[in-house]
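Asker: Here you go, this is query-v8.cif (mmCIF, N, CA and C atoms).
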```cif
data_upload
loop_
_atom_site.label_atom_id
_atom_site.label_comp_id
_atom_site.auth_asym_id
_atom_site.auth_seq_id
_atom_site.Cartn_x
_atom_site.Cartn_y
_atom_site.Cartn_z
N MET Y 1 0.86 -1.18 0.00
CA MET Y 1 0.00 0.00 0.00
C MET Y 1 0.90 1.24 0.00
N GLY Y 2 0.58 2.22 -0.82
CA GLY Y 2 1.35 3.44 -0.91
C GLY Y 2 0.99 4.42 0.21
N TRP Y 3 1.78 5.45 0.29
CA TRP Y 3 1.56 6.46 1.33
C TRP Y 3 0.19 7.08 1.21
N ASN Y 4 -0.16 7.52 0.01
CA ASN Y 4 -1.46 8.18 -0.16
C ASN Y 4 -2.58 7.27 0.29
N ALA Y 5 -2.55 6.02 -0.17
CA ALA Y 5 -3.61 5.08 0.18
C ALA Y 5 -3.65 4.83 1.68
N ALA Y 6 -2.48 4.69 2.30
CA ALA Y 6 -2.44 4.44 3.75
C ALA Y 6 -2.98 5.63 4.53
N ILE Y 7 -2.61 6.82 4.13
CA ILE Y 7 -3.09 8.03 4.83
C ILE Y 7 -4.60 8.17 4.67
N VAL Y 8 -5.08 7.99 3.46
CA VAL Y 8 -6.52 8.11 3.20
C VAL Y 8 -7.28 7.03 3.96
N GLU Y 9 -6.77 5.81 3.94
CA GLU Y 9 -7.43 4.72 4.67
C GLU Y 9 -7.44 5.02 6.17
N TYR Y 10 -6.35 5.57 6.68
CA TYR Y 10 -6.28 5.94 8.09
C TYR Y 10 -7.32 7.02 8.41
N GLN Y 11 -7.41 8.03 7.54
CA GLN Y 11 -8.36 9.12 7.77
C GLN Y 11 -9.80 8.63 7.72
N ASN Y 12 -10.08 7.67 6.86
CA ASN Y 12 -11.46 7.18 6.69
C ASN Y 12 -11.85 6.09 7.67
N ALA Y 13 -10.88 5.47 8.33
CA ALA Y 13 -11.18 4.39 9.27
C ALA Y 13 -11.94 4.95 10.47
N THR Y 14 -12.97 4.24 10.87
CA THR Y 14 -13.78 4.67 12.01
C THR Y 14 -13.42 3.91 13.29
N GLU Y 15 -12.92 2.70 13.13
CA GLU Y 15 -12.56 1.90 14.30
C GLU Y 15 -11.14 2.24 14.75
N GLN Y 16 -10.98 2.46 16.03
CA GLN Y 16 -9.68 2.82 16.59
C GLN Y 16 -8.65 1.72 16.35
N LYS Y 17 -9.07 0.47 16.48
CA LYS Y 17 -8.15 -0.65 16.29
C LYS Y 17 -7.60 -0.67 14.86
N LYS Y 18 -8.45 -0.41 13.88
CA LYS Y 18 -8.05 -0.38 12.47
C LYS Y 18 -7.08 0.77 12.22
N ARG Y 19 -7.37 1.93 12.80
CA ARG Y 19 -6.50 3.09 12.66
C ARG Y 19 -5.11 2.81 13.24
N GLU Y 20 -5.09 2.19 14.41
CA GLU Y 20 -3.81 1.86 15.04
C GLU Y 20 -3.01 0.90 14.18
N GLN Y 21 -3.68 -0.09 13.61
CA GLN Y 21 -3.01 -1.08 12.77
C GLN Y 21 -2.42 -0.41 11.53
N ILE Y 22 -3.17 0.45 10.89
CA ILE Y 22 -2.67 1.16 9.70
C ILE Y 22 -1.49 2.04 10.06
N TYR Y 23 -1.61 2.75 11.17
CA TYR Y 23 -0.53 3.65 11.57
C TYR Y 23 0.74 2.87 11.89
N VAL Y 24 0.61 1.82 12.68
CA VAL Y 24 1.79 1.06 13.12
C VAL Y 24 2.46 0.33 11.96
N THR Y 25 1.68 -0.24 11.07
CA THR Y 25 2.27 -1.06 10.00
C THR Y 25 2.68 -0.26 8.77
N GLU Y 26 1.97 0.80 8.45
CA GLU Y 26 2.21 1.52 7.20
C GLU Y 26 2.81 2.92 7.39
N ILE Y 27 2.20 3.71 8.25
CA ILE Y 27 2.54 5.12 8.33
C ILE Y 27 3.75 5.38 9.22
N PHE Y 28 3.76 4.83 10.41
CA PHE Y 28 4.85 5.09 11.36
C PHE Y 28 6.23 4.76 10.80
N PRO Y 29 6.43 3.57 10.21
CA PRO Y 29 7.77 3.29 9.65
C PRO Y 29 8.18 4.28 8.55
N ALA Y 30 7.21 4.70 7.75
CA ALA Y 30 7.51 5.67 6.69
C ALA Y 30 7.87 7.03 7.28
N PHE Y 31 7.13 7.46 8.31
CA PHE Y 31 7.44 8.72 8.98
C PHE Y 31 8.85 8.67 9.59
N GLU Y 32 9.17 7.57 10.26
CA GLU Y 32 10.49 7.45 10.88
C GLU Y 32 11.60 7.55 9.84
N LYS Y 33 11.45 6.85 8.73
CA LYS Y 33 12.47 6.87 7.68
C LYS Y 33 12.59 8.26 7.07
N LEU Y 34 11.47 8.91 6.83
CA LEU Y 34 11.46 10.26 6.27
C LEU Y 34 12.22 11.22 7.19
N VAL Y 35 11.90 11.18 8.47
CA VAL Y 35 12.52 12.09 9.43
C VAL Y 35 14.01 11.77 9.58
N GLU Y 36 14.37 10.50 9.64
CA GLU Y 36 15.79 10.13 9.72
C GLU Y 36 16.56 10.71 8.54
N ASN Y 37 16.01 10.55 7.34
CA ASN Y 37 16.68 11.07 6.15
C ASN Y 37 16.84 12.59 6.21
N LEU Y 38 15.79 13.29 6.61
CA LEU Y 38 15.87 14.75 6.69
C LEU Y 38 16.91 15.19 7.71
N ILE Y 39 16.92 14.55 8.86
CA ILE Y 39 17.88 14.92 9.92
C ILE Y 39 19.31 14.67 9.44
N ASN Y 40 19.55 13.53 8.81
CA ASN Y 40 20.90 13.20 8.38
C ASN Y 40 21.36 14.03 7.18
N ILE Y 41 20.48 14.25 6.23
CA ILE Y 41 20.85 15.00 5.04
C ILE Y 41 21.13 16.47 5.37
N HIS Y 42 20.26 17.07 6.18
CA HIS Y 42 20.37 18.50 6.47
C HIS Y 42 21.08 18.81 7.78
N LYS Y 43 21.56 17.79 8.47
CA LYS Y 43 22.35 17.96 9.71
C LYS Y 43 21.61 18.77 10.78
N PHE Y 44 20.36 18.40 11.04
CA PHE Y 44 19.55 19.12 12.01
C PHE Y 44 19.87 18.74 13.45
N SER Y 45 20.51 17.62 13.68
CA SER Y 45 20.66 17.11 15.05
C SER Y 45 21.68 17.87 15.89
N GLY Y 46 22.47 18.75 15.31
CA GLY Y 46 23.54 19.42 16.03
C GLY Y 46 23.12 20.18 17.27
N LEU Y 47 22.01 20.88 17.22
CA LEU Y 47 21.62 21.72 18.34
C LEU Y 47 20.66 21.04 19.31
N TYR Y 48 20.17 19.90 18.96
CA TYR Y 48 19.17 19.23 19.79
C TYR Y 48 19.83 18.38 20.86
N ASP Y 49 19.12 18.08 21.93
CA ASP Y 49 19.66 17.31 23.04
C ASP Y 49 20.15 15.93 22.57
N SER Y 50 19.29 15.23 21.84
CA SER Y 50 19.70 13.93 21.31
C SER Y 50 18.98 13.69 19.99
N TYR Y 51 19.60 12.86 19.18
CA TYR Y 51 19.06 12.52 17.87
C TYR Y 51 17.68 11.88 18.01
N ASP Y 52 17.56 10.95 18.96
CA ASP Y 52 16.28 10.24 19.15
C ASP Y 52 15.18 11.18 19.60
N ASP Y 53 15.49 12.13 20.47
CA ASP Y 53 14.48 13.10 20.92
C ASP Y 53 13.97 13.92 19.74
N LEU Y 54 14.88 14.39 18.93
CA LEU Y 54 14.50 15.18 17.77
C LEU Y 54 13.65 14.37 16.81
N LYS Y 55 14.08 13.16 16.53
CA LYS Y 55 13.35 12.29 15.60
C LYS Y 55 11.95 11.98 16.14
N ASN Y 56 11.86 11.61 17.41
CA ASN Y 56 10.56 11.27 18.00
C ASN Y 56 9.62 12.47 18.04
N ASP Y 57 10.15 13.64 18.36
CA ASP Y 57 9.32 14.85 18.38
C ASP Y 57 8.77 15.16 16.99
N CYS Y 58 9.60 15.00 15.98
CA CYS Y 58 9.17 15.29 14.61
C CYS Y 58 8.14 14.26 14.14
N VAL Y 59 8.36 12.99 14.43
CA VAL Y 59 7.39 11.95 14.05
C VAL Y 59 6.06 12.19 14.75
N THR Y 60 6.09 12.59 16.00
CA THR Y 60 4.88 12.91 16.74
C THR Y 60 4.16 14.08 16.09
N PHE Y 61 4.91 15.10 15.69
CA PHE Y 61 4.31 16.24 15.00
C PHE Y 61 3.65 15.80 13.70
N LEU Y 62 4.30 14.94 12.94
CA LEU Y 62 3.72 14.45 11.69
C LEU Y 62 2.43 13.66 11.95
N PHE Y 63 2.43 12.87 13.02
CA PHE Y 63 1.22 12.13 13.38
C PHE Y 63 0.06 13.09 13.64
N GLU Y 64 0.35 14.19 14.31
CA GLU Y 64 -0.69 15.18 14.60
C GLU Y 64 -1.20 15.87 13.34
N GLN Y 65 -0.41 15.84 12.27
CA GLN Y 65 -0.79 16.52 11.03
C GLN Y 65 -1.50 15.62 10.02
N ILE Y 66 -1.64 14.34 10.32
CA ILE Y 66 -2.27 13.41 9.37
C ILE Y 66 -3.65 13.89 8.96
N ARG Y 67 -4.42 14.40 9.88
CA ARG Y 67 -5.79 14.80 9.58
C ARG Y 67 -5.85 15.97 8.60
N LYS Y 68 -4.77 16.72 8.47
CA LYS Y 68 -4.76 17.89 7.59
C LYS Y 68 -4.47 17.54 6.13
N PHE Y 69 -3.98 16.34 5.87
CA PHE Y 69 -3.65 15.95 4.50
C PHE Y 69 -4.94 15.80 3.70
N ASP Y 70 -4.97 16.43 2.53
CA ASP Y 70 -6.14 16.39 1.66
C ASP Y 70 -5.74 15.75 0.34
N ASN Y 71 -6.13 14.50 0.15
CA ASN Y 71 -5.78 13.75 -1.05
C ASN Y 71 -6.46 14.31 -2.29
N SER Y 72 -7.59 14.99 -2.12
CA SER Y 72 -8.34 15.50 -3.27
C SER Y 72 -7.61 16.65 -3.98
N ARG Y 73 -6.61 17.23 -3.34
CA ARG Y 73 -5.86 18.32 -3.95
C ARG Y 73 -4.84 17.83 -4.98
N GLY Y 74 -4.65 16.53 -5.02
CA GLY Y 74 -3.73 15.96 -5.99
C GLY Y 74 -2.28 15.96 -5.56
N THR Y 75 -2.02 16.28 -4.30
CA THR Y 75 -0.64 16.27 -3.81
C THR Y 75 -0.25 14.87 -3.37
N ASN Y 76 1.02 14.59 -3.45
CA ASN Y 76 1.56 13.32 -3.01
C ASN Y 76 1.78 13.40 -1.50
N ALA Y 77 1.40 12.37 -0.77
CA ALA Y 77 1.55 12.37 0.68
C ALA Y 77 3.01 12.51 1.09
N PHE Y 78 3.90 11.85 0.35
CA PHE Y 78 5.32 11.94 0.67
C PHE Y 78 5.80 13.38 0.57
N SER Y 79 5.44 14.06 -0.49
CA SER Y 79 5.86 15.46 -0.68
C SER Y 79 5.29 16.34 0.42
N TYR Y 80 4.02 16.14 0.72
CA TYR Y 80 3.33 16.94 1.74
C TYR Y 80 4.02 16.80 3.10
N PHE Y 81 4.23 15.57 3.53
CA PHE Y 81 4.83 15.35 4.85
C PHE Y 81 6.33 15.66 4.86
N ASN Y 82 6.99 15.54 3.73
CA ASN Y 82 8.39 15.92 3.63
C ASN Y 82 8.55 17.42 3.89
N ILE Y 83 7.70 18.21 3.28
CA ILE Y 83 7.75 19.67 3.46
C ILE Y 83 7.40 20.05 4.89
N ILE Y 84 6.36 19.43 5.43
CA ILE Y 84 5.95 19.72 6.80
C ILE Y 84 7.08 19.38 7.78
N ALA Y 85 7.67 18.20 7.62
CA ALA Y 85 8.74 17.77 8.53
C ALA Y 85 9.96 18.69 8.40
N LYS Y 86 10.33 19.04 7.19
CA LYS Y 86 11.50 19.90 6.99
C LYS Y 86 11.26 21.27 7.61
N ASN Y 87 10.09 21.84 7.39
CA ASN Y 87 9.77 23.14 7.99
C ASN Y 87 9.78 23.06 9.51
N TRP Y 88 9.23 21.99 10.06
CA TRP Y 88 9.22 21.82 11.51
C TRP Y 88 10.65 21.74 12.05
N LEU Y 89 11.50 20.98 11.37
CA LEU Y 89 12.89 20.84 11.80
C LEU Y 89 13.63 22.18 11.72
N ILE Y 90 13.38 22.95 10.66
CA ILE Y 90 14.01 24.26 10.52
C ILE Y 90 13.58 25.18 11.66
N ILE Y 91 12.29 25.22 11.93
CA ILE Y 91 11.77 26.08 12.99
C ILE Y 91 12.34 25.69 14.35
N ARG Y 92 12.34 24.39 14.65
CA ARG Y 92 12.87 23.92 15.94
C ARG Y 92 14.35 24.24 16.08
N THR Y 93 15.09 24.08 15.01
CA THR Y 93 16.52 24.36 15.07
C THR Y 93 16.77 25.84 15.32
N LYS Y 94 16.00 26.70 14.65
CA LYS Y 94 16.14 28.15 14.86
C LYS Y 94 15.75 28.53 16.29
N GLN Y 95 14.67 27.93 16.80
CA GLN Y 95 14.25 28.22 18.17
C GLN Y 95 15.32 27.78 19.17
N LYS Y 96 15.87 26.62 18.97
CA LYS Y 96 16.91 26.11 19.87
C LYS Y 96 18.14 27.01 19.81
N SER Y 97 18.53 27.42 18.61
CA SER Y 97 19.68 28.30 18.43
C SER Y 97 19.45 29.63 19.15
N THR Y 98 18.25 30.17 19.02
CA THR Y 98 17.91 31.43 19.67
C THR Y 98 17.97 31.28 21.19
N ARG Y 99 17.44 30.17 21.71
CA ARG Y 99 17.48 29.93 23.15
C ARG Y 99 18.91 29.82 23.65
N ILE Y 100 19.74 29.15 22.87
CA ILE Y 100 21.15 29.00 23.28
C ILE Y 100 21.83 30.36 23.32
N LYS Y 101 21.54 31.21 22.33
CA LYS Y 101 22.15 32.53 22.29
C LYS Y 101 21.65 33.44 23.41
N ARG Y 102 20.42 33.25 23.82
CA ARG Y 102 19.84 34.09 24.88
C ARG Y 102 20.31 33.70 26.26
N ASN Y 103 20.53 32.44 26.48
CA ASN Y 103 20.88 31.95 27.81
C ASN Y 103 22.38 31.98 28.02
N VAL Y 104 22.75 32.39 29.20
CA VAL Y 104 24.15 32.42 29.59
C VAL Y 104 24.30 31.54 30.81
N SER Y 105 25.25 30.65 30.76
CA SER Y 105 25.48 29.78 31.89
C SER Y 105 26.41 30.46 32.88
N LEU Y 106 25.95 30.59 34.10
CA LEU Y 106 26.78 31.20 35.14
C LEU Y 106 27.90 30.27 35.58
N ASP Y 107 27.77 29.00 35.25
CA ASP Y 107 28.81 28.04 35.60
C ASP Y 107 30.02 28.15 34.69
N ASP Y 108 29.84 28.71 33.49
CA ASP Y 108 30.90 28.80 32.50
C ASP Y 108 31.34 30.25 32.33
N ILE Y 109 31.98 30.78 33.34
CA ILE Y 109 32.40 32.18 33.32
C ILE Y 109 33.46 32.41 32.24
N ASP Y 110 34.33 31.42 32.02
CA ASP Y 110 35.38 31.56 31.01
C ASP Y 110 34.78 31.65 29.60
N GLY Y 111 33.61 31.07 29.41
CA GLY Y 111 32.97 31.06 28.09
C GLY Y 111 32.16 32.31 27.80
N MET Y 112 32.05 33.21 28.77
CA MET Y 112 31.27 34.43 28.57
C MET Y 112 32.06 35.47 27.80
N SER Y 113 31.35 36.18 26.95
CA SER Y 113 31.97 37.28 26.22
C SER Y 113 32.07 38.49 27.15
N ALA Y 114 32.80 39.49 26.70
CA ALA Y 114 32.95 40.71 27.50
C ALA Y 114 31.60 41.37 27.71
N ARG Y 115 30.77 41.35 26.68
CA ARG Y 115 29.42 41.94 26.77
C ARG Y 115 28.57 41.21 27.82
N GLU Y 116 28.63 39.88 27.79
CA GLU Y 116 27.87 39.09 28.76
C GLU Y 116 28.36 39.35 30.19
N MET Y 117 29.68 39.48 30.35
CA MET Y 117 30.24 39.77 31.68
C MET Y 117 29.76 41.13 32.18
N LYS Y 118 29.74 42.12 31.30
CA LYS Y 118 29.28 43.46 31.67
C LYS Y 118 27.81 43.42 32.08
N ILE Y 119 27.00 42.70 31.33
CA ILE Y 119 25.58 42.58 31.65
C ILE Y 119 25.41 41.93 33.02
N MET Y 120 26.19 40.90 33.28
CA MET Y 120 26.09 40.21 34.57
C MET Y 120 26.50 41.13 35.73
N GLU Y 121 27.52 41.95 35.50
CA GLU Y 121 27.98 42.87 36.54
C GLU Y 121 26.96 43.96 36.83
N GLU Y 122 26.23 44.37 35.79
CA GLU Y 122 25.25 45.43 35.95
C GLU Y 122 23.94 44.95 36.57
N ARG Y 123 23.74 43.65 36.56
CA ARG Y 123 22.51 43.11 37.11
C ARG Y 123 22.43 43.33 38.60
N ASN Y 124 21.23 43.55 39.08
CA ASN Y 124 21.03 43.69 40.52
C ASN Y 124 21.21 42.34 41.18
N VAL Y 125 21.81 42.38 42.33
CA VAL Y 125 22.01 41.18 43.11
C VAL Y 125 20.95 41.15 44.19
N VAL Y 126 20.40 40.00 44.47
CA VAL Y 126 19.40 39.88 45.51
C VAL Y 126 20.08 40.14 46.85
N PRO Y 127 19.54 41.07 47.62
CA PRO Y 127 20.17 41.37 48.91
C PRO Y 127 20.04 40.20 49.87
N SER Y 128 20.93 40.20 50.85
CA SER Y 128 20.90 39.13 51.84
C SER Y 128 19.62 39.24 52.69
N GLN Y 129 19.30 38.18 53.39
CA GLN Y 129 18.11 38.18 54.24
C GLN Y 129 18.24 39.23 55.35
N GLU Y 130 19.43 39.40 55.88
CA GLU Y 130 19.63 40.39 56.94
C GLU Y 130 19.31 41.80 56.45
N THR Y 131 19.78 42.11 55.24
CA THR Y 131 19.52 43.43 54.66
C THR Y 131 18.03 43.62 54.43
N MET Y 132 17.36 42.59 53.96
CA MET Y 132 15.92 42.68 53.71
C MET Y 132 15.15 42.87 55.02
N ILE Y 133 15.56 42.18 56.09
CA ILE Y 133 14.90 42.32 57.39
C ILE Y 133 15.12 43.71 57.95
N GLU Y 134 16.35 44.21 57.83
CA GLU Y 134 16.66 45.56 58.31
C GLU Y 134 15.84 46.61 57.56
N SER Y 135 15.69 46.43 56.26
CA SER Y 135 14.90 47.37 55.47
C SER Y 135 13.43 47.32 55.89
N ALA Y 136 12.91 46.12 56.10
CA ALA Y 136 11.52 45.97 56.51
C ALA Y 136 11.30 46.58 57.88
N ASN Y 137 12.24 46.38 58.81
CA ASN Y 137 12.14 46.97 60.15
C ASN Y 137 12.20 48.50 60.09
N PHE Y 138 13.05 49.02 59.24
CA PHE Y 138 13.17 50.47 59.09
C PHE Y 138 11.87 51.07 58.58
N VAL Y 139 11.28 50.40 57.58
CA VAL Y 139 10.02 50.89 57.00
C VAL Y 139 8.90 50.85 58.03
N ASN Y 140 8.89 49.79 58.85
CA ASN Y 140 7.84 49.63 59.86
C ASN Y 140 8.10 50.45 61.13
N GLY Y 141 9.26 51.12 61.20
CA GLY Y 141 9.56 51.96 62.33
C GLY Y 141 10.08 51.22 63.54
N LEU Y 142 10.62 50.06 63.36
CA LEU Y 142 11.16 49.27 64.47
C LEU Y 142 12.60 49.55 64.72
#
```
Mind turning this structure into structure tokens?
Answerer:
Amino acid sequence: MGWNAAIVEYQNATEQKKREQIYVTEIFPAFEKLVENLINIHKFSGLYDSYDDLKNDCVTFLFEQIRKFDNSRGTNAFSYFNIIAKNWLIIRTKQKSTRIKRNVSLDDIDGMSAREMKIMEERNVVPSQETMIESANFVNGL
């Protein structure tokens, strides 16, 4: 059974057991292979925690998108899900890259740039508990 037929059969199936069988035997292996190829060809795994996490998240996303595929438009299911998966991987990689650039690890002081060090120095430090108690007592007139 081809991708288009499997997706359409999955969408039209009313019994949960039948849907599960179609997904496990036909769709899931194809999704996994598609995502593996995209990750390896385009080198998306570099910024992610682990290859398996990235692959599983993308396959899960594709599963959530099955209902949106419209066979009547004449598009090939492989092309449709290939584009969706690639766009998802691009977006996730950009988001991860942005998060990495925004976050500074206080444990890695040697890895901080001069700008990051200056920002850290200018940040307010939480006062000690004694200072906070003294301020509260002063305000309350004690």
Asker: Translate the PyMOL selection byres ((chain Y and resi 80-88) around 7), as applied to the file shown, into an explicit residue set as a list in words.
Answerer: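 Selected by the PyMOL selection byres ((chain Y and resi 80-88) around 7) here: Leu34, Val35, Leu38, Cys58, Leu62, Thr75, Asn76, Ala77, Phe78, Ser79, Leu89, Ile90, Ile91, Arg92 and Thr93 of chain Y.
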Asker: Just how far from CA of Val59 in chain Y is CA of Glu32 in chain Y, in Å to one decimal?
Answerer: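 Atom-to-atom, CA of Glu32 in chain Y and CA of Val59 in chain Y are spaced 6.3 Å apart.
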Asker: In Å, with one decimal, what is the gap from atom C of Ala6 in chain Y to atom N of Phe28 in chain Y?
Answerer: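 Value for the atom C of Ala6 in chain Y-atom N of Phe28 in chain Y distance: 9.0 Å.
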Asker: Please provide the set of residues having any atom within 7 Å of Tyr10 in chain Y, restricted to all atoms listed in the file, with same-chain residues fewer than 5 positions apart removed, written as a list of chain:residue names.
Answerer: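 Here the qualifying residues turn out to be Y:Ala5, Y:Lys18, Y:Arg19, Y:Ile22, Y:Tyr23.
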Asker: Emit the selected residues as an mmCIF file, in the frame of the given file, including N, CA and C atoms.
Answerer:
```cif
data_model
loop_
_atom_site.group_PDB
_atom_site.id
_atom_site.type_symbol
_atom_site.label_atom_id
_atom_site.label_comp_id
_atom_site.auth_asym_id
_atom_site.auth_seq_id
_atom_site.Cartn_x
_atom_site.Cartn_y
_atom_site.Cartn_z
ATOM 1 N N ALA Y 5 -2.550 6.020 -0.170
ATOM 2 C CA ALA Y 5 -3.610 5.080 0.180
ATOM 3 C C ALA Y 5 -3.650 4.830 1.680
ATOM 4 N N LYS Y 18 -8.450 -0.410 13.880
ATOM 5 C CA LYS Y 18 -8.050 -0.380 12.470
ATOM 6 C C LYS Y 18 -7.080 0.770 12.220
ATOM 7 N N ARG Y 19 -7.370 1.930 12.800
ATOM 8 C CA ARG Y 19 -6.500 3.090 12.660
ATOM 9 C C ARG Y 19 -5.110 2.810 13.240
ATOM 10 N N ILE Y 22 -3.170 0.450 10.890
ATOM 11 C CA ILE Y 22 -2.670 1.160 9.700
ATOM 12 C C ILE Y 22 -1.490 2.040 10.060
ATOM 13 N N TYR Y 23 -1.610 2.750 11.170
ATOM 14 C CA TYR Y 23 -0.530 3.650 11.570
ATOM 15 C C TYR Y 23 0.740 2.870 11.890
#
```
Asker: At what distance in Å, to one decimal, does atom C of Val126 in chain Y lie from atom C of Ile100 in chain Y?
Answerer: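 According to the coordinates, atom C of Ile100 in chain Y and atom C of Val126 in chain Y are separated by 25.5 Å.
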Asker: As a ChimeraX atom specification, list the residues of range 3-122 of chain Y assigned to helix (DSSP H, G or I) by DSSP on the backbone atoms of this structure.
Answerer: /Y:3-12,16-42,44-47,51-68,71-73,77-102,109-111,114-122
Asker: Using only N, CA and C atoms for the distances, tell me which of Y:Asn71, Y:Phe63, Y:Gln95, Y:Glu134 is nearest to Val8 in chain Y.
Answerer: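 Once distances to Val8 in chain Y are computed over only N, CA and C atoms, the minimum belongs to Y:Asn71.
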Asker: Of the residues Y:Asn4, Y:Arg73, Y:Lys96, Y:Thr25, which is the one nearest to Leu54 in chain Y, using only C-alpha atoms?
Answerer: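 Distance minimum relative to Leu54 in chain Y lands on Y:Lys96.
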